[in-house]
>>> print(open('start-v5.cif').read())   # mmCIF, C-alpha atoms and all ligand atoms
data_start
loop_
_atom_site.group_PDB
_atom_site.id
_atom_site.type_symbol
_atom_site.label_atom_id
_atom_site.label_comp_id
_atom_site.auth_asym_id
_atom_site.auth_seq_id
_atom_site.Cartn_x
_atom_site.Cartn_y
_atom_site.Cartn_z
ATOM 1 C CA MET A 17 132.706 108.240 136.190
ATOM 2 C CA ALA A 18 131.041 107.585 132.880
ATOM 3 C CA GLY A 19 129.916 104.077 132.032
ATOM 4 C CA ALA A 20 127.271 101.385 132.270
ATOM 5 C CA SER A 21 125.652 101.384 135.705
ATOM 6 C CA PHE A 22 125.562 97.585 135.770
ATOM 7 C CA ALA A 23 129.288 97.092 135.023
ATOM 8 C CA ARG A 24 131.671 96.170 137.853
ATOM 9 C CA TRP A 25 134.246 98.927 138.144
ATOM 10 C CA ARG A 26 137.863 97.702 138.149
ATOM 11 C CA GLY A 27 139.890 100.821 137.290
ATOM 12 C CA SER A 28 142.979 100.108 135.178
ATOM 13 C CA PRO A 29 145.790 102.686 134.937
ATOM 14 C CA ASN A 30 146.230 101.928 131.219
ATOM 15 C CA HIS A 31 144.384 104.635 129.265
ATOM 16 C CA TYR A 32 144.483 108.132 127.755
ATOM 17 C CA GLN A 33 143.567 111.109 129.901
ATOM 18 C CA GLY A 34 140.431 112.302 128.132
ATOM 19 C CA ARG A 35 139.939 111.700 124.425
ATOM 20 C CA LEU A 36 142.427 114.073 122.819
ATOM 21 C CA GLY A 37 139.660 116.220 121.370
ATOM 22 C CA LEU A 38 137.732 113.354 119.802
ATOM 23 C CA HIS A 39 134.244 112.231 120.779
ATOM 24 C CA VAL A 40 132.667 108.793 121.011
ATOM 25 C CA ASP A 41 131.237 107.600 117.704
ATOM 26 C CA HIS A 42 131.662 103.814 117.810
ATOM 27 C CA ILE A 43 132.173 100.632 119.799
ATOM 28 C CA THR A 44 135.147 98.408 118.977
ATOM 29 C CA LEU A 45 134.545 94.701 119.626
ATOM 30 C CA HIS A 46 137.436 92.468 120.714
ATOM 31 C CA ILE A 47 137.946 88.900 121.830
ATOM 32 C CA MET A 48 140.281 88.056 124.697
ATOM 33 C CA VAL A 49 141.721 84.779 123.435
ATOM 34 C CA GLY A 50 141.336 83.795 127.045
ATOM 35 C CA ARG A 51 139.140 84.325 130.071
ATOM 36 C CA LEU A 52 137.869 87.400 131.885
ATOM 37 C CA ALA A 53 139.910 86.670 135.031
ATOM 38 C CA GLY A 54 143.198 86.440 133.101
ATOM 39 C CA THR A 55 142.453 89.564 131.087
ATOM 40 C CA ASP A 56 141.578 91.400 134.288
ATOM 41 C CA SER A 57 144.895 90.561 135.911
ATOM 42 C CA CYS A 58 146.756 91.786 132.791
ATOM 43 C CA PHE A 59 144.763 95.004 132.436
ATOM 44 C CA MET A 60 145.158 95.904 136.105
ATOM 45 C CA ARG A 61 148.965 95.874 135.778
ATOM 46 C CA SER A 62 150.397 99.228 134.586
ATOM 47 C CA SER A 63 153.293 97.374 132.941
ATOM 48 C CA PHE A 64 150.861 95.626 130.601
ATOM 49 C CA ARG A 65 150.255 99.002 128.851
ATOM 50 C CA ALA A 66 146.807 97.998 127.588
ATOM 51 C CA ALA A 67 143.213 97.857 128.748
ATOM 52 C CA SER A 68 139.778 98.083 127.168
ATOM 53 C CA HIS A 69 136.846 99.991 128.598
ATOM 54 C CA TYR A 70 134.871 96.818 129.245
ATOM 55 C CA GLY A 71 135.225 93.069 129.387
ATOM 56 C CA VAL A 72 132.422 90.493 129.252
ATOM 57 C CA GLY A 73 132.829 87.073 130.864
ATOM 58 C CA GLY A 74 131.350 83.726 129.878
ATOM 59 C CA ASN A 75 129.000 83.902 132.863
ATOM 60 C CA GLY A 76 127.712 87.331 131.790
ATOM 61 C CA ASP A 77 129.871 89.357 134.183
ATOM 62 C CA ILE A 78 130.800 92.809 132.873
ATOM 63 C CA TYR A 79 133.960 94.525 134.095
ATOM 64 C CA GLN A 80 134.867 98.153 133.414
ATOM 65 C CA TRP A 81 138.535 99.083 133.468
ATOM 66 C CA VAL A 82 138.481 102.523 131.828
ATOM 67 C CA ASP A 83 136.176 105.506 132.343
ATOM 68 C CA GLU A 84 134.269 106.280 129.140
ATOM 69 C CA ALA A 85 135.460 109.879 129.506
ATOM 70 C CA ASN A 86 138.928 108.561 128.584
ATOM 71 C CA GLY A 87 140.202 106.743 125.515
ATOM 72 C CA SER A 88 141.331 103.190 126.228
ATOM 73 C CA TRP A 89 144.545 101.517 125.106
ATOM 74 C CA ALA A 90 142.945 98.700 123.154
ATOM 75 C CA ASP A 91 142.703 99.273 119.398
ATOM 76 C CA ALA A 92 146.404 100.022 118.702
ATOM 77 C CA ASN A 93 145.239 103.199 116.952
ATOM 78 C CA TRP A 94 144.961 106.438 118.956
ATOM 79 C CA GLN A 95 142.126 107.869 116.842
ATOM 80 C CA SER A 96 140.035 104.705 117.157
ATOM 81 C CA ASP A 97 140.894 104.487 120.869
ATOM 82 C CA CYS A 98 139.902 108.103 121.502
ATOM 83 C CA SER A 99 136.670 107.937 119.486
ATOM 84 C CA GLY A 100 135.608 104.457 120.578
ATOM 85 C CA ILE A 101 134.373 102.419 123.512
ATOM 86 C CA THR A 102 136.194 99.106 123.549
ATOM 87 C CA ILE A 103 134.714 95.811 124.709
ATOM 88 C CA GLU A 104 136.710 92.625 125.255
ATOM 89 C CA HIS A 105 134.991 89.227 125.288
ATOM 90 C CA GLU A 106 135.918 85.917 126.901
ATOM 91 C CA GLY A 107 136.597 83.273 124.226
ATOM 92 C CA GLY A 108 138.637 83.055 121.038
ATOM 93 C CA MET A 109 140.550 79.883 121.822
ATOM 94 C CA ALA A 110 139.994 76.170 122.101
ATOM 95 C CA GLY A 111 137.949 75.261 125.167
ATOM 96 C CA ILE A 112 136.705 78.814 125.717
ATOM 97 C CA PRO A 113 133.501 79.337 123.755
ATOM 98 C CA VAL A 114 131.498 82.510 123.712
ATOM 99 C CA THR A 115 128.406 81.666 125.766
ATOM 100 C CA ASP A 116 124.769 82.678 125.411
ATOM 101 C CA ALA A 117 124.986 84.564 128.707
ATOM 102 C CA GLU A 118 127.970 86.452 127.342
ATOM 103 C CA VAL A 119 126.178 87.374 124.101
ATOM 104 C CA GLU A 120 123.210 88.608 126.125
ATOM 105 C CA ALA A 121 125.419 90.646 128.477
ATOM 106 C CA SER A 122 127.380 92.121 125.584
ATOM 107 C CA ALA A 123 124.181 93.050 123.734
ATOM 108 C CA ARG A 124 122.849 94.672 126.881
ATOM 109 C CA LEU A 125 126.070 96.647 127.253
ATOM 110 C CA CYS A 126 126.061 97.739 123.591
ATOM 111 C CA ALA A 127 122.420 98.801 123.875
ATOM 112 C CA ASP A 128 123.219 100.762 127.033
ATOM 113 C CA ILE A 129 126.073 102.574 125.278
ATOM 114 C CA ALA A 130 123.853 103.271 122.252
ATOM 115 C CA ARG A 131 121.197 104.785 124.506
ATOM 116 C CA ARG A 132 123.642 107.000 126.323
ATOM 117 C CA TYR A 133 125.205 108.288 123.097
ATOM 118 C CA ASN A 134 121.819 108.615 121.448
ATOM 119 C CA TRP A 135 122.379 106.042 118.699
ATOM 120 C CA LYS A 136 118.998 104.757 117.544
ATOM 121 C CA THR A 137 120.401 101.558 116.105
ATOM 122 C CA LEU A 138 123.678 99.649 116.060
ATOM 123 C CA TRP A 139 125.246 98.477 112.834
ATOM 124 C CA HIS A 140 128.464 97.087 111.511
ATOM 125 C CA ASP A 141 129.703 98.137 108.084
ATOM 126 C CA ALA A 142 130.382 94.727 106.533
ATOM 127 C CA SER A 143 132.561 96.341 103.852
ATOM 128 C CA GLY A 144 135.125 96.971 106.575
ATOM 129 C CA ASN A 145 135.181 100.739 106.056
ATOM 130 C CA ARG A 146 134.111 101.380 109.647
ATOM 131 C CA ALA A 147 131.142 103.522 108.602
ATOM 132 C CA GLY A 148 128.919 101.933 111.253
ATOM 133 C CA ASN A 149 128.940 102.507 114.994
ATOM 134 C CA ILE A 150 130.132 98.922 115.549
ATOM 135 C CA VAL A 151 133.750 98.324 114.504
ATOM 136 C CA LEU A 152 135.722 95.073 114.724
ATOM 137 C CA HIS A 153 139.270 95.273 116.018
ATOM 138 C CA ARG A 154 140.660 93.594 112.891
ATOM 139 C CA GLU A 155 139.226 96.458 110.810
ATOM 140 C CA VAL A 156 141.146 99.160 112.667
ATOM 141 C CA PRO A 157 144.238 100.347 110.759
ATOM 142 C CA GLY A 158 147.476 99.436 112.460
ATOM 143 C CA THR A 159 146.229 96.329 114.254
ATOM 144 C CA ASP A 160 147.948 92.994 113.912
ATOM 145 C CA HIS A 161 145.068 91.195 115.614
ATOM 146 C CA TYR A 162 143.699 89.928 112.320
ATOM 147 C CA GLY A 163 141.395 87.373 113.924
ATOM 148 C CA CYS A 164 139.907 89.738 116.517
ATOM 149 C CA PRO A 165 137.102 89.277 117.292
ATOM 150 C CA ASP A 166 135.441 86.929 114.797
ATOM 151 C CA ARG A 167 138.102 85.146 112.748
ATOM 152 C CA CYS A 168 139.426 82.731 115.315
ATOM 153 C CA VAL A 169 138.538 79.582 117.211
ATOM 154 C CA ASN A 170 135.380 80.154 119.256
ATOM 155 C CA PRO A 171 134.848 83.543 117.631
ATOM 156 C CA LEU A 172 132.578 86.367 118.747
ATOM 157 C CA PRO A 173 129.128 86.085 117.075
ATOM 158 C CA VAL A 174 129.150 89.736 116.086
ATOM 159 C CA ASP A 175 125.866 89.824 114.190
ATOM 160 C CA ARG A 176 124.065 87.985 116.961
ATOM 161 C CA ILE A 177 125.222 90.579 119.490
ATOM 162 C CA ILE A 178 124.261 93.477 117.220
ATOM 163 C CA ASN A 179 120.841 92.016 116.414
ATOM 164 C CA ARG A 180 120.131 91.304 120.048
ATOM 165 C CA ALA A 181 121.290 94.801 121.065
ATOM 166 C CA ASN A 182 119.003 96.338 118.458
ATOM 167 C CA GLU A 183 116.178 94.169 119.746
ATOM 168 C CA ILE A 184 116.793 95.588 123.222
ATOM 169 C CA LEU A 185 116.975 99.114 121.795
ATOM 170 C CA GLY A 186 113.800 98.540 119.770
ATOM 171 C CA GLY A 187 112.118 97.420 122.953
ATOM 172 C CA ASP A 188 112.567 100.954 124.247
ATOM 173 C CA ASN A 189 110.062 102.116 121.678
ATOM 174 C CA MET A 190 107.535 99.426 122.492
ATOM 175 C CA PRO A 191 104.618 100.609 124.562
ATOM 176 C CA THR A 192 103.971 99.087 127.970
ATOM 177 C CA ALA A 193 100.794 97.116 128.675
ATOM 178 C CA ASN A 194 99.409 100.131 130.495
ATOM 179 C CA GLU A 195 100.217 102.416 127.599
ATOM 180 C CA ILE A 196 98.428 100.049 125.217
ATOM 181 C CA ALA A 197 95.441 99.868 127.558
ATOM 182 C CA GLU A 198 95.362 103.660 127.826
ATOM 183 C CA ALA A 199 95.524 103.968 124.053
ATOM 184 C CA VAL A 200 92.600 101.570 123.685
ATOM 185 C CA TRP A 201 90.559 103.390 126.334
ATOM 186 C CA ASN A 202 91.264 106.700 124.637
ATOM 187 C CA PHE A 203 90.621 105.439 121.111
ATOM 188 C CA VAL A 204 87.977 107.636 119.525
ATOM 189 C CA GLN A 205 85.338 106.043 117.330
ATOM 190 C CA ASN A 206 82.628 108.170 115.769
ATOM 191 C CA GLY A 207 83.559 110.985 118.117
ATOM 192 C CA VAL A 208 83.248 108.884 121.280
ATOM 193 C CA LYS A 209 86.187 107.653 123.367
ATOM 194 C CA CYS A 210 86.234 103.891 123.940
ATOM 195 C CA ARG A 211 86.304 104.607 127.674
ATOM 196 C CA ASP A 212 83.117 106.702 127.533
ATOM 197 C CA ARG A 213 81.499 104.273 125.144
ATOM 198 C CA LEU A 214 82.094 101.289 127.446
ATOM 199 C CA GLN A 215 81.177 103.192 130.573
ATOM 200 C CA GLY A 216 78.060 104.474 128.860
ATOM 201 C CA ILE A 217 76.887 101.121 127.580
ATOM 202 C CA ASP A 218 74.487 100.594 130.486
ATOM 203 C CA ILE A 219 72.964 103.999 130.007
ATOM 204 C CA ALA A 220 72.734 103.486 126.262
ATOM 205 C CA ALA A 221 71.338 99.982 126.661
ATOM 206 C CA ASN A 222 68.783 101.149 129.186
ATOM 207 C CA SER A 223 67.844 103.987 126.930
ATOM 208 C CA ILE A 224 67.375 101.506 124.077
ATOM 209 C CA ASN A 225 65.249 99.287 126.323
ATOM 210 C CA ASN A 226 63.163 102.304 127.224
ATOM 211 C CA LYS A 227 62.832 103.235 123.574
ATOM 212 C CA VAL A 228 61.749 99.692 122.687
ATOM 213 C CA GLY A 229 59.269 99.774 125.551
ATOM 214 C CA GLU A 230 57.928 103.093 124.347
ATOM 215 C CA LYS A 231 57.536 101.676 120.856
ATOM 216 C CA VAL A 232 55.570 98.698 122.145
ATOM 217 C CA TRP A 233 53.377 100.797 124.385
ATOM 218 C CA GLY A 234 52.782 103.271 121.571
ATOM 219 C CA PHE A 235 52.014 100.626 118.924
ATOM 220 C CA ASP A 236 48.755 101.482 117.239
ATOM 221 C CA ILE A 237 46.108 98.734 116.888
ATOM 222 C CA ASN A 238 42.947 99.810 115.088
ATOM 223 C CA GLY A 239 43.392 103.383 116.212
ATOM 224 C CA THR A 240 44.187 102.510 119.806
ATOM 225 C CA GLN A 241 47.699 102.592 121.324
ATOM 226 C CA ALA A 242 48.781 99.316 122.935
ATOM 227 C CA ARG A 243 49.196 101.219 126.177
ATOM 228 C CA ASP A 244 45.589 102.408 126.162
ATOM 229 C CA ARG A 245 44.384 99.074 124.916
ATOM 230 C CA LEU A 246 46.099 97.185 127.710
ATOM 231 C CA GLN A 247 45.221 99.722 130.341
ATOM 232 C CA GLY A 248 41.707 99.961 128.931
ATOM 233 C CA VAL A 249 40.907 96.272 128.713
ATOM 234 C CA ASP A 250 38.445 96.489 131.583
ATOM 235 C CA ALA A 251 36.837 99.589 130.142
ATOM 236 C CA ILE A 252 36.405 97.969 126.703
ATOM 237 C CA GLN A 253 35.498 94.435 127.743
ATOM 238 C CA LEU A 254 33.281 95.140 130.718
ATOM 239 C CA PRO A 255 30.484 96.911 128.790
ATOM 240 C CA LYS A 256 30.293 93.961 126.395
ATOM 241 C CA LEU A 257 30.096 91.466 129.225
ATOM 242 C CA THR A 258 27.614 93.614 131.025
ATOM 243 C CA ALA A 259 25.485 93.818 127.863
ATOM 244 C CA GLN A 260 25.448 90.027 127.515
ATOM 245 C CA VAL A 261 24.498 89.494 131.131
ATOM 246 C CA THR A 262 21.809 92.143 130.931
ATOM 247 C CA ALA A 263 20.383 90.606 127.726
ATOM 248 C CA LEU A 264 20.318 87.097 129.213
ATOM 249 C CA THR A 265 18.775 88.335 132.438
ATOM 250 C CA GLU A 266 16.071 90.085 130.465
ATOM 251 C CA ALA A 267 15.471 86.961 128.371
ATOM 252 C CA VAL A 268 15.059 84.772 131.418
ATOM 253 C CA LYS A 269 12.760 87.326 133.069
ATOM 254 C CA THR A 270 10.585 87.494 129.961
ATOM 255 C CA LEU A 271 10.430 83.687 129.688
ATOM 256 C CA ALA A 272 9.306 83.391 133.274
ATOM 257 C CA GLU A 273 6.580 85.993 132.824
ATOM 258 C CA SER A 274 5.379 84.275 129.645
ATOM 259 C CA LYS A 275 4.967 80.820 131.168
ATOM 260 C CA GLY A 276 2.134 78.937 129.505
ATOM 261 C CA VAL A 277 2.142 81.000 126.378
ATOM 262 C CA ASP A 278 2.921 79.231 123.127
ATOM 263 C CA PRO A 279 6.602 78.992 121.977
ATOM 264 C CA ASP A 280 6.233 81.458 119.117
ATOM 265 C CA GLN A 281 4.918 84.042 121.443
ATOM 266 C CA ILE A 282 7.700 83.303 123.929
ATOM 267 C CA ALA A 283 10.314 83.614 121.234
ATOM 268 C CA ALA A 284 8.825 86.843 119.976
ATOM 269 C CA ALA A 285 8.632 88.248 123.479
ATOM 270 C CA VAL A 286 12.229 87.241 124.257
ATOM 271 C CA GLU A 287 13.512 88.671 121.029
ATOM 272 C CA LYS A 288 11.639 91.900 121.576
ATOM 273 C CA ALA A 289 12.895 92.287 125.098
ATOM 274 C CA VAL A 290 16.462 91.422 124.194
ATOM 275 C CA ARG A 291 16.444 93.682 121.209
ATOM 276 C CA ALA A 292 15.169 96.537 123.272
ATOM 277 C CA LYS A 293 17.927 96.048 125.807
ATOM 278 C CA LEU A 294 20.643 95.562 123.187
ATOM 279 C CA ASP A 295 19.499 98.608 121.216
ATOM 280 C CA LYS A 296 19.848 100.582 124.416
ATOM 281 C CA LEU A 297 23.397 99.295 124.790
ATOM 282 C CA GLN A 298 24.084 99.878 121.097
ATOM 283 C CA ILE A 299 25.480 96.392 120.630
ATOM 284 C CA THR A 300 24.865 94.203 117.597
ATOM 285 C CA VAL A 301 24.062 90.510 118.027
ATOM 286 C CA THR A 302 24.083 87.833 115.388
ATOM 287 C CA ASP A 303 21.483 85.079 115.440
ATOM 288 C CA GLY A 304 23.925 82.210 115.335
ATOM 289 C CA GLN A 305 22.389 80.669 112.204
HETATM 290 ZN ZN ZN A 401 141.260 92.989 119.799
#
>>> encode(input="start-v5.cif", output="structure tokens")
Amino acid sequence: MAGASFARWRGSPNHYQGRLGLHVDHITLHIMVGRLAGTDSCFMRSSFRAASHYGVGGNGDIYQWVDEANGSWADANWQSDCSGITIEHEGGMAGIPVTDAEVEASARLCADIARRYNWKTLWHDASGNRAGNIVLHREVPGTDHYGCPDRCVNPLPVDRIINRANEILGGDNMPTANEIAEAVWNFVQNGVKCRDRLQGIDIAANSINNKVGEKVWGFDINGTQARDRLQGVDAIQLPKLTAQVTALTEAVKTLAESKGVDPDQIAAAVEKAVRAKLDKLQITVTDGQ
């Protein structure tokens, strides 16, 4: 049985056997001028001599009376019947409006048919020449249902159904959240996939930190790398401190030995002793004046 998987199968006897050599190239839209339940009871009677493939109710119910492998008896034109899939809709008379749920269900059904017959988009030829894959019953030659489906009380909002169906069909081409995420992960920038770039950020960042560290350590101050300078602070500073202590020690020693001698002689002796020591250490002193 060919048809929409979500339709409720009813099985009317009123239809062609097969499609008389024609193939499906359009959907014909109808309006019941009544309700789904009443249409169903008519279509299920063989004496009624008519049935459409589908019927959509005001509550969104979808009935299927005729296998899509067969032409239906709905359009009052054997060629249209045998090359079309016919859909009846609840409404078309006072007190029976076409509901939002019905529009949604009909659009879903039209989109399902379009998918199965490989139609990328649904369209109605507004000139009435039936060039599109959506045909209105009133446009089919031979019909006397001049108001079907959109020129009547509570008419079928044909364009709304088509637009919504195309929206559903267009949705087929929209990527899923996972597909978008995958595409982002796999996006290549400057030869590197986003995925690898993000996963490698720690490594890259660490490598940058290391490089910065290297730069700092290697920074040259007066011919000495910061590394050596920092590591060599003791080595550089200690001789200077040692020299000062040695010089002072020598000065004090000399002063003590020269007790009682006049100040000039003390000063000369201290200077001589200090100088001798400092010369040995190869350190220059200023006199503070
Ligand atoms: Zn009709």
>>> closest_residue(input="start-v5.cif", among="A:Lys275, A:His46, A:Arg167, A:His31", to="ligand ZN 401 (chain A)", atoms="all atoms listed in the file")
A:His46
>>> resolve_selection(input="start-v5.cif", expression="the PyMOL selection byres (((chain A and resi 74) around 9) and not hetatm)", output="list in words")
Arg51, Leu52, Val72, Gly73, Asn75, Gly76, Asp77, His105, Glu106, Gly107, Ile112, Pro113, Val114, Thr115, Asp116, Ala117, Glu118 and Val119 of chain A
>>> closest_residue(input="start-v5.cif", among="A:Gly27, A:Leu36, A:Ala18, A:Glu104", to="ligand ZN 401 (chain A)", atoms="all atoms listed in the file")
A:Glu104
>>> resolve_selection(input="start-v5.cif", expression="the PyMOL selection byres (((chain A and resi 24) around 7) and not hetatm)", output="VMD selection string")
chain A and resid 22 to 23 25 to 26 78 to 80
>>> write_last_selection(input="start-v5.cif", atoms="C-alpha atoms", output="compact mmCIF listing (two decimals), in the coordinates of the input")
# COMPACT_ATOMS: atom_id res chain seq x y z
CA PHE A 22 125.56 97.58 135.77
CA ALA A 23 129.29 97.09 135.02
CA TRP A 25 134.25 98.93 138.14
CA ARG A 26 137.86 97.70 138.15
CA ILE A 78 130.80 92.81 132.87
CA TYR A 79 133.96 94.52 134.10
CA GLN A 80 134.87 98.15 133.41
>>> residues_near_point(input="start-v5.cif", point="(124.9, 99.8, 113.5)", cutoff="12 Å", atoms="only C-alpha atoms", output="count of residues only")
31
>>> closest_residue(input="start-v5.cif", among="A:Thr55, A:Asn225, A:Ser63, A:Asn134", to="ligand ZN 401 (chain A)", atoms="all atoms listed in the file")
A:Thr55
>>> residues_near_ligand(input="start-v5.cif", ligand="ligand ZN 401 (chain A)", cutoff="10 Å", atoms="only C-alpha atoms and all ligand atoms", output="PDB file with C-alpha atoms, in the coordinates of the input")
ATOM      1  CA  THR A  44     135.147  98.408 118.977  1.00  0.00           C
ATOM      2  CA  LEU A  45     134.545  94.701 119.626  1.00  0.00           C
ATOM      3  CA  HIS A  46     137.436  92.468 120.714  1.00  0.00           C
ATOM      4  CA  ILE A  47     137.946  88.900 121.830  1.00  0.00           C
ATOM      5  CA  MET A  48     140.281  88.056 124.697  1.00  0.00           C
ATOM      6  CA  VAL A  49     141.721  84.779 123.435  1.00  0.00           C
ATOM      7  CA  SER A  68     139.778  98.083 127.168  1.00  0.00           C
ATOM      8  CA  ALA A  90     142.945  98.700 123.154  1.00  0.00           C
ATOM      9  CA  ASP A  91     142.703  99.273 119.398  1.00  0.00           C
ATOM     10  CA  ALA A  92     146.404 100.022 118.702  1.00  0.00           C
ATOM     11  CA  THR A 102     136.194  99.106 123.549  1.00  0.00           C
ATOM     12  CA  ILE A 103     134.714  95.811 124.709  1.00  0.00           C
ATOM     13  CA  GLU A 104     136.710  92.625 125.255  1.00  0.00           C
ATOM     14  CA  HIS A 105     134.991  89.227 125.288  1.00  0.00           C
ATOM     15  CA  LEU A 152     135.722  95.073 114.724  1.00  0.00           C
ATOM     16  CA  HIS A 153     139.270  95.273 116.018  1.00  0.00           C
ATOM     17  CA  ARG A 154     140.660  93.594 112.891  1.00  0.00           C
ATOM     18  CA  GLU A 155     139.226  96.458 110.810  1.00  0.00           C
ATOM     19  CA  VAL A 156     141.146  99.160 112.667  1.00  0.00           C
ATOM     20  CA  THR A 159     146.229  96.329 114.254  1.00  0.00           C
ATOM     21  CA  ASP A 160     147.948  92.994 113.912  1.00  0.00           C
ATOM     22  CA  HIS A 161     145.068  91.195 115.614  1.00  0.00           C
ATOM     23  CA  TYR A 162     143.699  89.928 112.320  1.00  0.00           C
ATOM     24  CA  GLY A 163     141.395  87.373 113.924  1.00  0.00           C
ATOM     25  CA  CYS A 164     139.907  89.738 116.517  1.00  0.00           C
ATOM     26  CA  PRO A 165     137.102  89.277 117.292  1.00  0.00           C
ATOM     27  CA  ASP A 166     135.441  86.929 114.797  1.00  0.00           C
TER      28      ASP A 166
END
>>> resolve_selection(input="start-v5.cif", expression="the PyMOL selection byres (((chain A and resi 266) around 8) and not hetatm)", output="list of chain:residue names")
A:Thr262, A:Ala263, A:Leu264, A:Thr265, A:Ala267, A:Val268, A:Lys269, A:Thr270, A:Val286, A:Ala289, A:Val290, A:Lys293
>>> write_last_selection(input="start-v5.cif", atoms="C-alpha atoms", output="PDB file, in the coordinates of the input")
ATOM      1  CA  THR A 262      21.809  92.143 130.931  1.00  0.00           C
ATOM      2  CA  ALA A 263      20.383  90.606 127.726  1.00  0.00           C
ATOM      3  CA  LEU A 264      20.318  87.097 129.213  1.00  0.00           C
ATOM      4  CA  THR A 265      18.775  88.335 132.438  1.00  0.00           C
ATOM      5  CA  ALA A 267      15.471  86.961 128.371  1.00  0.00           C
ATOM      6  CA  VAL A 268      15.059  84.772 131.418  1.00  0.00           C
ATOM      7  CA  LYS A 269      12.760  87.326 133.069  1.00  0.00           C
ATOM      8  CA  THR A 270      10.585  87.494 129.961  1.00  0.00           C
ATOM      9  CA  VAL A 286      12.229  87.241 124.257  1.00  0.00           C
ATOM     10  CA  ALA A 289      12.895  92.287 125.098  1.00  0.00           C
ATOM     11  CA  VAL A 290      16.462  91.422 124.194  1.00  0.00           C
ATOM     12  CA  LYS A 293      17.927  96.048 125.807  1.00  0.00           C
TER      13      LYS A 293
END
>>> residues_around(input="start-v5.cif", residues="A:Val40", least_positions_apart="4", cutoff="8 Å", atoms="all atoms listed in the file", output="list in words")
Cys98, Ser99, Gly100, Ile101 and Tyr133 of chain A
>>> closest_residue(input="start-v5.cif", among="A:Ala284, A:Asp83, A:Arg131, A:Pro157", to="A:Ser96", atoms="all atoms listed in the file")
A:Pro157
>>> axis_aligned_box(input="start-v5.cif", around="stretch 282-287 of chain A", padding_each_side="5 Å", output="lines of an AutoDock Vina configuration file")
center_x = 10.6
center_y = 86.0
center_z = 122.1
size_x = 15.8
size_y = 15.4
size_z = 14.3
